[in-house]
file final31.tsv (TSV, C-alpha atoms and all ligand atoms)
chain	number	residue	atom	x	y	z
K	272	MET	CA	-29.38	-54.51	30.91
K	273	GLU	CA	-33.10	-54.34	31.64
K	274	ASN	CA	-34.78	-50.94	31.67
K	275	PRO	CA	-31.58	-48.87	31.25
K	276	LYS	CA	-31.60	-45.46	32.94
K	277	PRO	CA	-31.15	-42.63	30.45
K	278	ASP	CA	-28.11	-41.36	32.36
K	279	ASP	CA	-26.29	-40.56	29.14
K	280	ILE	CA	-29.05	-38.11	28.25
K	281	GLU	CA	-28.94	-34.49	29.44
K	282	VAL	CA	-32.14	-32.41	29.75
K	283	ARG	CA	-31.76	-28.64	29.48
K	284	GLN	CA	-33.57	-25.46	28.47
K	285	VAL	CA	-33.67	-24.56	24.77
K	286	CYS	CA	-31.68	-21.33	24.43
K	287	ALA	CA	-32.42	-18.39	22.15
K	288	GLY	CA	-30.52	-19.17	18.96
K	289	GLU	CA	-31.34	-22.89	19.06
K	290	SER	CA	-34.71	-22.56	17.33
K	291	GLU	CA	-33.45	-23.93	14.04
K	292	GLU	CA	-32.10	-27.15	15.60
K	293	LEU	CA	-35.30	-27.49	17.64
K	294	MET	CA	-37.43	-27.22	14.48
K	295	VAL	CA	-35.29	-29.78	12.62
K	296	PHE	CA	-35.99	-32.19	15.49
K	297	LEU	CA	-39.73	-31.40	15.62
K	298	LEU	CA	-40.07	-31.87	11.85
K	299	ALA	CA	-38.38	-35.28	12.09
K	300	HIS	CA	-39.91	-36.72	15.27
K	301	TYR	CA	-42.88	-34.65	16.45
K	302	TYR	CA	-44.98	-33.42	13.52
K	303	PRO	CA	-45.11	-36.63	11.41
K	304	GLU	CA	-46.78	-38.59	14.24
K	305	GLU	CA	-48.59	-35.89	16.19
K	306	PRO	CA	-52.28	-36.82	15.72
K	307	LEU	CA	-53.61	-33.36	14.70
K	308	THR	CA	-50.84	-32.90	12.13
K	309	ALA	CA	-51.16	-36.51	10.90
K	310	GLY	CA	-54.96	-36.20	10.84
K	311	THR	CA	-55.15	-33.24	8.42
K	312	SER	CA	-53.74	-32.77	4.94
K	313	PRO	CA	-51.24	-31.92	3.58
K	314	PRO	CA	-48.82	-33.84	5.86
K	315	GLU	CA	-46.40	-30.91	6.38
K	316	PRO	CA	-47.16	-28.29	9.05
K	317	GLU	CA	-47.89	-24.75	7.87
K	318	ALA	CA	-45.37	-21.95	8.43
K	319	ALA	CA	-47.72	-20.28	10.95
K	320	ASP	CA	-47.82	-23.49	13.02
K	321	LYS	CA	-44.01	-23.71	13.14
K	322	GLU	CA	-43.70	-19.98	13.90
K	323	PHE	CA	-46.16	-20.36	16.75
K	324	LEU	CA	-44.19	-23.20	18.36
K	325	LEU	CA	-40.88	-21.34	18.03
K	326	SER	CA	-42.43	-18.16	19.48
K	327	ASN	CA	-42.35	-19.97	22.85
K	328	VAL	CA	-38.54	-20.31	22.97
K	329	PRO	CA	-37.91	-16.75	24.34
K	330	PHE	CA	-40.06	-17.53	27.42
K	331	GLY	CA	-37.37	-19.99	28.57
K	332	THR	CA	-40.08	-22.64	28.94
K	333	CYS	CA	-38.93	-25.07	26.23
K	334	PHE	CA	-36.62	-27.99	27.03
K	335	MET	CA	-34.72	-30.60	25.10
K	336	ALA	CA	-32.94	-33.86	25.80
K	337	LEU	CA	-29.50	-34.32	24.25
K	338	GLN	CA	-27.56	-37.54	23.72
K	339	GLY	CA	-24.00	-36.99	22.55
K	340	GLY	CA	-24.93	-33.44	21.51
K	341	ARG	CA	-27.87	-34.65	19.39
K	342	ILE	CA	-31.47	-33.65	20.24
K	343	VAL	CA	-33.45	-36.81	21.02
K	344	ALA	CA	-36.54	-35.26	22.68
K	345	ALA	CA	-38.14	-31.84	23.11
K	346	VAL	CA	-41.03	-30.07	24.79
K	347	VAL	CA	-42.49	-26.70	23.80
K	348	ALA	CA	-44.46	-24.80	26.45
K	349	GLY	CA	-45.61	-21.23	26.97
K	350	PRO	CA	-47.71	-19.14	29.34
K	351	LYS	CA	-51.43	-18.49	28.91
K	352	ASP	CA	-54.00	-16.54	30.93
K	353	SER	CA	-57.78	-16.24	31.28
K	354	HIS	CA	-58.08	-14.51	27.87
K	355	GLU	CA	-56.92	-17.64	26.04
K	356	PRO	CA	-60.37	-18.90	24.88
K	357	GLU	CA	-61.09	-15.57	23.10
K	358	HIS	CA	-57.54	-15.41	21.76
K	359	MET	CA	-57.75	-18.96	20.35
K	360	ALA	CA	-61.14	-18.28	18.72
K	361	GLU	CA	-59.67	-15.20	17.02
K	362	GLU	CA	-56.60	-17.17	15.84
K	363	ALA	CA	-58.83	-19.95	14.47
K	364	ARG	CA	-60.83	-17.35	12.47
K	365	ARG	CA	-57.64	-15.68	11.23
K	366	HIS	CA	-56.19	-18.93	9.89
K	367	ALA	CA	-59.45	-20.51	8.68
K	368	GLY	CA	-59.24	-22.42	5.41
K	369	GLY	CA	-55.94	-24.24	5.72
K	370	LYS	CA	-54.37	-27.05	7.73
K	371	TRP	CA	-53.35	-24.81	10.67
K	372	GLY	CA	-56.86	-23.32	10.61
K	373	ARG	CA	-58.42	-26.79	11.01
K	374	ILE	CA	-56.04	-27.63	13.85
K	375	LEU	CA	-56.88	-24.31	15.55
K	376	HIS	CA	-60.62	-24.98	15.00
K	377	LEU	CA	-60.28	-28.03	17.23
K	378	LEU	CA	-57.82	-26.50	19.72
K	379	SER	CA	-60.07	-23.45	20.09
K	380	ALA	CA	-63.06	-25.70	20.88
K	381	VAL	CA	-60.92	-27.50	23.45
K	382	GLU	CA	-59.79	-24.19	24.96
K	383	SER	CA	-63.40	-22.94	25.27
K	384	ALA	CA	-64.47	-26.19	26.92
K	385	THR	CA	-61.56	-26.32	29.37
K	386	ASP	CA	-60.80	-22.65	30.10
K	387	VAL	CA	-58.38	-23.80	32.81
K	388	CYS	CA	-57.43	-20.39	34.24
K	389	ARG	CA	-61.06	-19.39	34.92
K	390	ARG	CA	-62.03	-22.95	35.86
K	391	PHE	CA	-59.41	-23.11	38.61
K	392	GLY	CA	-59.45	-19.39	39.44
K	393	VAL	CA	-55.77	-18.84	38.68
K	394	PRO	CA	-54.13	-15.96	36.75
K	395	SER	CA	-51.99	-18.13	34.48
K	396	SER	CA	-50.97	-21.59	33.38
K	397	LEU	CA	-47.84	-22.88	31.69
K	398	HIS	CA	-49.32	-24.74	28.72
K	399	VAL	CA	-47.52	-27.56	26.92
K	400	HIS	CA	-47.94	-27.20	23.15
K	401	ALA	CA	-45.70	-29.98	21.83
K	402	LEU	CA	-43.87	-33.02	23.15
K	403	GLY	CA	-41.81	-35.35	20.99
K	404	VAL	CA	-39.34	-38.16	21.60
K	405	ASP	CA	-37.15	-39.79	18.92
K	406	PRO	CA	-38.54	-43.34	18.44
K	407	VAL	CA	-35.06	-44.77	19.10
K	408	VAL	CA	-35.21	-43.62	22.75
K	409	ARG	CA	-38.96	-43.99	23.43
K	410	GLY	CA	-40.02	-45.91	26.51
K	411	ARG	CA	-37.13	-44.48	28.56
K	412	SER	CA	-39.36	-41.87	30.28
K	413	LEU	CA	-37.80	-38.98	28.42
K	414	GLY	CA	-41.23	-37.43	27.90
K	415	ALA	CA	-41.75	-37.61	31.67
K	416	ARG	CA	-38.34	-36.01	32.33
K	417	LEU	CA	-39.20	-33.13	30.01
K	418	MET	CA	-42.64	-32.66	31.59
K	419	THR	CA	-40.96	-32.58	35.01
K	420	ALA	CA	-38.57	-29.88	33.78
K	421	VAL	CA	-41.57	-27.84	32.56
K	422	ALA	CA	-43.31	-28.17	35.95
K	423	GLN	CA	-40.15	-27.07	37.77
K	424	ARG	CA	-39.85	-24.03	35.48
K	425	ALA	CA	-43.55	-23.23	36.00
K	426	ARG	CA	-42.96	-23.18	39.77
K	427	GLU	CA	-39.94	-20.87	39.34
K	428	LEU	CA	-42.03	-18.50	37.20
K	429	GLY	CA	-44.94	-18.54	39.67
K	430	HIS	CA	-47.51	-20.31	37.48
K	431	PRO	CA	-49.98	-22.25	39.66
K	432	LEU	CA	-50.80	-24.76	36.90
K	433	VAL	CA	-49.28	-26.76	34.09
K	434	SER	CA	-51.82	-27.68	31.39
K	435	VAL	CA	-51.64	-29.88	28.32
K	436	ASP	CA	-54.02	-30.96	25.56
K	437	CYS	CA	-52.93	-34.55	24.92
K	438	THR	CA	-53.77	-35.33	21.31
K	439	SER	CA	-52.06	-38.74	21.54
K	440	VAL	CA	-52.93	-41.76	23.70
K	441	TYR	CA	-49.23	-42.05	24.55
K	442	SER	CA	-48.91	-38.52	25.94
K	443	ALA	CA	-52.22	-38.94	27.84
K	444	ARG	CA	-50.91	-42.12	29.54
K	445	LEU	CA	-47.63	-40.39	30.29
K	446	VAL	CA	-49.15	-37.40	32.11
K	447	GLN	CA	-51.62	-39.62	33.99
K	448	ARG	CA	-48.62	-41.49	35.40
K	449	LEU	CA	-47.23	-38.11	36.54
K	450	GLY	CA	-50.38	-37.39	38.55
K	451	TYR	CA	-52.07	-34.95	36.20
K	452	GLN	CA	-55.83	-34.42	36.59
K	453	LEU	CA	-58.10	-35.07	33.60
K	454	VAL	CA	-60.24	-32.00	32.84
K	455	ASN	CA	-61.89	-32.75	29.50
K	456	THR	CA	-62.15	-35.31	26.69
K	457	LEU	CA	-63.14	-34.38	23.13
K	458	ARG	CA	-63.53	-37.34	20.74
K	459	TYR	CA	-62.26	-36.64	17.23
K	460	VAL	CA	-65.43	-38.17	15.73
K	461	ASP	CA	-67.53	-35.62	17.64
K	462	HIS	CA	-65.69	-32.50	16.46
K	463	LEU	CA	-67.40	-31.38	13.24
K	464	ASP	CA	-67.21	-28.31	11.00
K	465	ALA	CA	-70.17	-26.14	9.92
K	466	SER	CA	-71.05	-28.64	7.18
K	467	GLY	CA	-71.06	-31.59	9.58
K	468	GLN	CA	-67.70	-33.03	8.45
K	469	GLN	CA	-65.17	-34.39	10.96
K	470	VAL	CA	-62.44	-31.73	11.13
K	471	ILE	CA	-59.49	-33.97	12.10
K	472	ARG	CA	-59.08	-37.69	11.35
K	473	PRO	CA	-56.06	-38.99	13.25
K	474	PRO	CA	-54.84	-42.53	12.60
K	475	PRO	CA	-55.55	-45.23	15.23
K	476	PRO	CA	-55.05	-45.66	18.16
K	477	HIS	CA	-55.73	-41.94	18.77
K	478	GLU	CA	-59.42	-41.29	19.49
K	479	SER	CA	-59.61	-38.09	21.49
K	480	VAL	CA	-57.84	-35.00	22.76
K	481	GLN	CA	-57.67	-35.08	26.53
K	482	THR	CA	-56.85	-32.01	28.58
K	483	PHE	CA	-54.94	-32.47	31.82
K	484	VAL	CA	-53.64	-30.12	34.51
K	485	LEU	CA	-51.05	-30.39	37.23
K	486	HIS	CA	-51.65	-28.18	40.27
K	487	LEU	CA	-48.39	-26.76	41.60
O	1	LIG	C1	-45.85	-38.89	23.33
O	1	LIG	C2	-44.40	-39.33	23.28
O	1	LIG	C3	-43.50	-38.12	23.48
O	1	LIG	C4	-44.15	-40.34	24.40
O	1	LIG	O1	-42.83	-40.85	24.31
O	1	LIG	P1	-42.07	-41.46	25.61
O	1	LIG	O2	-41.87	-40.39	26.63
O	1	LIG	O3	-40.88	-42.19	25.16
O	1	LIG	O4	-43.17	-42.46	26.16
O	1	LIG	P2	-43.16	-43.39	27.45
O	1	LIG	O5	-41.79	-43.44	28.07
O	1	LIG	O6	-44.29	-42.94	28.30
O	1	LIG	O7	-43.52	-44.80	26.78
O	1	LIG	C5	-44.33	-45.78	27.40
O	1	LIG	C6	-44.48	-46.94	26.42
O	1	LIG	O8	-45.23	-46.51	25.27
O	1	LIG	C7	-44.45	-46.71	24.09
O	1	LIG	N1	-44.67	-45.58	23.18
O	1	LIG	C8	-44.53	-44.27	23.47
O	1	LIG	N2	-44.84	-43.53	22.39
O	1	LIG	C9	-45.18	-44.40	21.41
O	1	LIG	C10	-45.62	-44.23	20.07
O	1	LIG	N3	-45.77	-43.01	19.53
O	1	LIG	N4	-45.92	-45.34	19.34
O	1	LIG	C11	-45.81	-46.57	19.88
O	1	LIG	N5	-45.39	-46.79	21.16
O	1	LIG	C12	-45.09	-45.70	21.91
O	1	LIG	C13	-43.02	-46.74	24.58
O	1	LIG	O9	-42.16	-47.40	23.66
O	1	LIG	C14	-43.16	-47.46	25.88
O	1	LIG	O10	-43.31	-48.85	25.62
O	1	LIG	P3	-42.72	-49.96	26.65
O	1	LIG	O11	-43.47	-49.76	27.93
O	1	LIG	O12	-43.02	-51.24	25.93
O	1	LIG	O13	-41.25	-49.65	26.76
O	1	LIG	C15	-44.07	-40.02	21.93
O	1	LIG	O14	-45.07	-41.00	21.67
O	1	LIG	C16	-44.00	-39.09	20.73
O	1	LIG	O15	-42.99	-38.44	20.51
O	1	LIG	N6	-45.04	-39.08	19.88
O	1	LIG	C17	-45.08	-38.30	18.64
O	1	LIG	C18	-45.51	-36.86	18.87
O	1	LIG	C19	-46.81	-36.77	19.67
O	1	LIG	O16	-47.80	-37.35	19.31
O	1	LIG	N7	-46.75	-36.03	20.78
O	1	LIG	C20	-47.87	-35.90	21.70
O	1	LIG	C21	-48.83	-34.85	21.28
O	1	LIG	S1	-49.72	-34.20	22.71

call {"tool": "encode", "arguments": {"input": "final31.tsv", "output": "structure tokens"}}
result
Amino acid sequence: MENPKPDDIEVRQVCAGESEELMVFLLAHYYPEEPLTAGTSPPEPEAADKEFLLSNVPFGTCFMALQGGRIVAAVVAGPKDSHEPEHMAEEARRHAGGKWGRILHLLSAVESATDVCRRFGVPSSLHVHALGVDPVVRGRSLGARLMTAVAQRARELGHPLVSVDCTSVYSARLVQRLGYQLVNTLRYVDHLDASGQQVIRPPPPHESVQTFVLHL
């Protein structure tokens, strides 16, 4: 059958108590390929990175796709407000020196440049922090289904925006197809530390982090 519909795959909210299964999935199919994680050493994410992602589960804004009871895709999102640029700068300082610190160095620069709540004059945004699909089911629009679930939840919660920093060319293409607006592009070769060294060196074809928003 050409282009099979993923009808056998259920998308639902990640419940409190499912954090462990979510992390097992993210460690297998998100972190190893995610360009910021892949572009800094060592390969494994730091504990603070994993704790940060899981801290979003209680908001009820994380979703997963299940096939026969097995997680095959997941999205992690959480609310942010107009204080986010200052908050990110503080977090980057707090974790400076390690892998998570380097990732936050770049994400903080992106946050300062985009500042989506102030830019669009809104009190909050539901921000997507991680999106991963098991390679076996890629190309079946599961990423799009999860992003749609996030947007629906954002509407329910009264957030006027969904925002995402796409670190991968694949996620950037995906959200463009969903009608997201491009806000900012930061090329990895242009993001340097105090000594002039490139902070993150993702493998090709990833060249930039692109920030997008969806107005609800
Ligand atoms: C981003 C991601 C979730 C997209 O997966 P998806 O929802 O299945 O992607 P799409 O349905 O939009 O795929 C469109 C096409 O790109 C291909 N594709 C998607 N991700 C790909 C990848 N990482 N490598 C190679 N090809 C990929 C698909 O196979 C499909 O090809 P086709 O048109 O020939 O069938 C997935 O690439 C992923 O899990 N990446 C690893 C983690 C990551 O980098 N996340 C994004 C950080 S912001």

call {"tool": "axis_aligned_box", "arguments": {"input": "final31.tsv", "around": "ligand LIG 1 (chain O)", "padding_each_side": "4 Å", "output": "JSON"}}
result
{"center_x": -45.3, "center_y": -42.7, "center_z": 23.5, "size_x": 16.8, "size_y": 25.0, "size_z": 17.7}

call {"tool": "closest_residue", "arguments": {"input": "final31.tsv", "among": "K:Ala425, K:Leu445, K:Cys333, K:Leu298", "to": "ligand LIG 1 (chain O)", "atoms": "only C-alpha atoms and all ligand atoms"}}
result
K:Leu445

call {"tool": "residues_around", "arguments": {"input": "final31.tsv", "residues": "range 393-396 of chain K", "least_positions_apart": "3", "cutoff": "7 Å", "atoms": "all atoms listed in the file", "output": "MDAnalysis selection string"}}
result
chainID K and resid 350:353 388:389 430:434

call {"tool": "closest_residue", "arguments": {"input": "final31.tsv", "among": "K:Pro306, K:Gly349, K:Pro316, K:Gly340", "to": "Leu428 in chain K", "atoms": "only C-alpha atoms"}}
result
K:Gly349

call {"tool": "residues_near_ligand", "arguments": {"input": "final31.tsv", "ligand": "ligand LIG 1 (chain O)", "cutoff": "7 Å", "atoms": "only C-alpha atoms and all ligand atoms", "output": "list in words"}}
result
His300, Tyr301, Tyr302, Glu304, Glu305, Pro306, Ala401, Leu402, Gly403, Val404, Asp405, Pro406, Val408, Arg409, Gly410, Arg411, Ser412, Leu413, Gly414, Ala415, Asp436, Cys437, Thr438, Ser439, Tyr441, Ser442, Arg444 and Leu445 of chain K

call {"tool": "write_last_selection", "arguments": {"input": "final31.tsv", "atoms": "C-alpha atoms", "output": "mmCIF file, in the coordinates of the input"}}
result
data_model
loop_
_atom_site.group_PDB
_atom_site.id
_atom_site.type_symbol
_atom_site.label_atom_id
_atom_site.label_comp_id
_atom_site.auth_asym_id
_atom_site.auth_seq_id
_atom_site.Cartn_x
_atom_site.Cartn_y
_atom_site.Cartn_z
ATOM 1 C CA HIS K 300 -39.910 -36.720 15.270
ATOM 2 C CA TYR K 301 -42.880 -34.650 16.450
ATOM 3 C CA TYR K 302 -44.980 -33.420 13.520
ATOM 4 C CA GLU K 304 -46.780 -38.590 14.240
ATOM 5 C CA GLU K 305 -48.590 -35.890 16.190
ATOM 6 C CA PRO K 306 -52.280 -36.820 15.720
ATOM 7 C CA ALA K 401 -45.700 -29.980 21.830
ATOM 8 C CA LEU K 402 -43.870 -33.020 23.150
ATOM 9 C CA GLY K 403 -41.810 -35.350 20.990
ATOM 10 C CA VAL K 404 -39.340 -38.160 21.600
ATOM 11 C CA ASP K 405 -37.150 -39.790 18.920
ATOM 12 C CA PRO K 406 -38.540 -43.340 18.440
ATOM 13 C CA VAL K 408 -35.210 -43.620 22.750
ATOM 14 C CA ARG K 409 -38.960 -43.990 23.430
ATOM 15 C CA GLY K 410 -40.020 -45.910 26.510
ATOM 16 C CA ARG K 411 -37.130 -44.480 28.560
ATOM 17 C CA SER K 412 -39.360 -41.870 30.280
ATOM 18 C CA LEU K 413 -37.800 -38.980 28.420
ATOM 19 C CA GLY K 414 -41.230 -37.430 27.900
ATOM 20 C CA ALA K 415 -41.750 -37.610 31.670
ATOM 21 C CA ASP K 436 -54.020 -30.960 25.560
ATOM 22 C CA CYS K 437 -52.930 -34.550 24.920
ATOM 23 C CA THR K 438 -53.770 -35.330 21.310
ATOM 24 C CA SER K 439 -52.060 -38.740 21.540
ATOM 25 C CA TYR K 441 -49.230 -42.050 24.550
ATOM 26 C CA SER K 442 -48.910 -38.520 25.940
ATOM 27 C CA ARG K 444 -50.910 -42.120 29.540
ATOM 28 C CA LEU K 445 -47.630 -40.390 30.290
#

call {"tool": "closest_atom_pairs", "arguments": {"input": "final31.tsv", "of": "range 287-348 of chain K", "to": "range 460-472 of chain K", "cutoff": "10 Å", "atoms": "all atoms listed in the file", "output": "CSV"}}
result
residue,atom,partner,partner_atom,distance
K:Pro306,CA,K:Arg472,CA,8.1
K:Leu307,CA,K:Ile471,CA,6.5
K:Thr308,CA,K:Ile471,CA,8.7
K:Ala309,CA,K:Arg472,CA,8.0
K:Gly310,CA,K:Arg472,CA,4.4
K:Thr311,CA,K:Ile471,CA,5.7
K:Ser312,CA,K:Ile471,CA,9.3

call {"tool": "atom_distance", "arguments": {"input": "final31.tsv", "atom1": "CA of Trp371 in chain K", "atom2": "CA of Glu355 in chain K"}}
result
17.3 Å

call {"tool": "closest_residue", "arguments": {"input": "final31.tsv", "among": "K:Val421, K:Val328, K:Ala360, K:Leu293", "to": "Arg341 in chain K", "atoms": "all atoms listed in the file"}}
result
K:Leu293

call {"tool": "atom_distance", "arguments": {"input": "final31.tsv", "atom1": "CA of Leu397 in chain K", "atom2": "CA of Arg426 in chain K"}}
result
9.4 Å

call {"tool": "closest_residue", "arguments": {"input": "final31.tsv", "among": "K:Pro475, K:Val346, K:Lys321, K:Glu315", "to": "Lys370 in chain K", "atoms": "all atoms listed in the file"}}
result
K:Glu315

call {"tool": "atom_distance", "arguments": {"input": "final31.tsv", "atom1": "CA of Leu297 in chain K", "atom2": "CA of Asp386 in chain K"}}
result
27.0 Å

call {"tool": "residues_near_point", "arguments": {"input": "final31.tsv", "point": "(-52.4, -23.5, 13.8)", "cutoff": "12 Å", "atoms": "all atoms listed in the file", "output": "MDAnalysis selection string"}}
result
chainID K and resid 307:308 311 316:324 359:379 400

call {"tool": "closest_residue", "arguments": {"input": "final31.tsv", "among": "K:Asp279, K:Arg416, K:Phe391, K:Gly429", "to": "Val454 in chain K", "atoms": "only C-alpha atoms"}}
result
K:Phe391

call {"tool": "residues_around", "arguments": {"input": "final31.tsv", "residues": "Ala384 in chain K", "least_positions_apart": "4", "cutoff": "10 Å", "atoms": "all atoms listed in the file", "output": "PyMOL selection string"}}
result
chain K and resi 356+378-380+390+454-457+482

call {"tool": "closest_residue", "arguments": {"input": "final31.tsv", "among": "K:His398, K:Glu427, K:Val407, K:Val387", "to": "Leu453 in chain K", "atoms": "all atoms listed in the file"}}
result
K:Val387

call {"tool": "residues_around", "arguments": {"input": "final31.tsv", "residues": "range 281-290 of chain K", "least_positions_apart": "4", "cutoff": "7 Å", "atoms": "only C-alpha atoms", "output": "PyMOL selection string"}}
result
chain K and resi 294+325+328-329+331+333-338

call {"tool": "write_last_selection", "arguments": {"input": "final31.tsv", "atoms": "C-alpha atoms", "output": "short mmCIF file (atom, residue, chain, number, x, y, z; two decimals), keeping the file's coordinate frame"}}
result
data_model
loop_
_atom_site.label_atom_id
_atom_site.label_comp_id
_atom_site.auth_asym_id
_atom_site.auth_seq_id
_atom_site.Cartn_x
_atom_site.Cartn_y
_atom_site.Cartn_z
CA MET K 294 -37.43 -27.22 14.48
CA LEU K 325 -40.88 -21.34 18.03
CA VAL K 328 -38.54 -20.31 22.97
CA PRO K 329 -37.91 -16.75 24.34
CA GLY K 331 -37.37 -19.99 28.57
CA CYS K 333 -38.93 -25.07 26.23
CA PHE K 334 -36.62 -27.99 27.03
CA MET K 335 -34.72 -30.60 25.10
CA ALA K 336 -32.94 -33.86 25.80
CA LEU K 337 -29.50 -34.32 24.25
CA GLN K 338 -27.56 -37.54 23.72
#

call {"tool": "build_atoms", "arguments": {"input": "final31.tsv", "residues": "range 424-448 of chain K", "atoms": "N, CA and C atoms", "output": "compact mmCIF listing (two decimals), in the frame of the given file"}}
result
# COMPACT_ATOMS: atom_id res chain seq x y z
N ARG K 424 -39.96 -25.39 36.02
CA ARG K 424 -39.85 -24.03 35.48
C ARG K 424 -41.12 -23.23 35.79
N ALA K 425 -42.28 -23.91 35.69
CA ALA K 425 -43.55 -23.23 36.00
C ALA K 425 -43.55 -22.74 37.45
N ARG K 426 -43.06 -23.58 38.35
CA ARG K 426 -42.96 -23.18 39.77
C ARG K 426 -42.06 -21.97 39.92
N GLU K 427 -40.89 -22.00 39.26
CA GLU K 427 -39.94 -20.87 39.34
C GLU K 427 -40.60 -19.58 38.85
N LEU K 428 -41.41 -19.69 37.82
CA LEU K 428 -42.03 -18.50 37.20
C LEU K 428 -43.32 -18.09 37.91
N GLY K 429 -43.76 -18.89 38.88
CA GLY K 429 -44.94 -18.54 39.67
C GLY K 429 -46.27 -18.93 39.04
N HIS K 430 -46.24 -19.83 38.05
CA HIS K 430 -47.51 -20.31 37.48
C HIS K 430 -48.10 -21.37 38.41
N PRO K 431 -49.39 -21.25 38.75
CA PRO K 431 -49.98 -22.25 39.66
C PRO K 431 -50.38 -23.56 38.98
N LEU K 432 -50.34 -23.58 37.65
CA LEU K 432 -50.80 -24.76 36.90
C LEU K 432 -49.85 -25.07 35.75
N VAL K 433 -49.78 -26.36 35.41
CA VAL K 433 -49.28 -26.76 34.09
C VAL K 433 -50.47 -27.41 33.40
N SER K 434 -50.70 -27.07 32.13
CA SER K 434 -51.82 -27.68 31.39
C SER K 434 -51.30 -28.25 30.08
N VAL K 435 -52.04 -29.25 29.59
CA VAL K 435 -51.64 -29.88 28.32
C VAL K 435 -52.86 -30.50 27.66
N ASP K 436 -52.99 -30.29 26.35
CA ASP K 436 -54.02 -30.96 25.56
C ASP K 436 -53.35 -32.16 24.91
N CYS K 437 -53.59 -33.35 25.46
CA CYS K 437 -52.93 -34.55 24.92
C CYS K 437 -53.70 -35.05 23.71
N THR K 438 -53.11 -34.90 22.54
CA THR K 438 -53.77 -35.33 21.31
C THR K 438 -53.47 -36.80 21.02
N SER K 439 -52.52 -37.36 21.77
CA SER K 439 -52.06 -38.74 21.54
C SER K 439 -52.37 -39.60 22.77
N VAL K 440 -52.71 -40.86 22.54
CA VAL K 440 -52.93 -41.76 23.70
C VAL K 440 -51.66 -41.92 24.51
N TYR K 441 -50.50 -41.83 23.84
CA TYR K 441 -49.23 -42.05 24.55
C TYR K 441 -48.93 -40.89 25.50
N SER K 442 -49.18 -39.66 25.04
CA SER K 442 -48.91 -38.52 25.94
C SER K 442 -49.94 -38.49 27.07
N ALA K 443 -51.20 -38.91 26.79
CA ALA K 443 -52.22 -38.94 27.84
C ALA K 443 -51.83 -39.94 28.94
N ARG K 444 -51.35 -41.12 28.54
CA ARG K 444 -50.91 -42.12 29.54
C ARG K 444 -49.74 -41.58 30.36
N LEU K 445 -48.85 -40.91 29.65
CA LEU K 445 -47.63 -40.39 30.29
C LEU K 445 -47.98 -39.38 31.39
N VAL K 446 -48.87 -38.42 31.09
CA VAL K 446 -49.15 -37.40 32.11
C VAL K 446 -50.02 -37.97 33.24
N GLN K 447 -50.84 -38.97 32.92
CA GLN K 447 -51.62 -39.62 33.99
C GLN K 447 -50.67 -40.26 35.01
N ARG K 448 -49.61 -40.87 34.49
CA ARG K 448 -48.62 -41.49 35.40
C ARG K 448 -47.93 -40.44 36.27
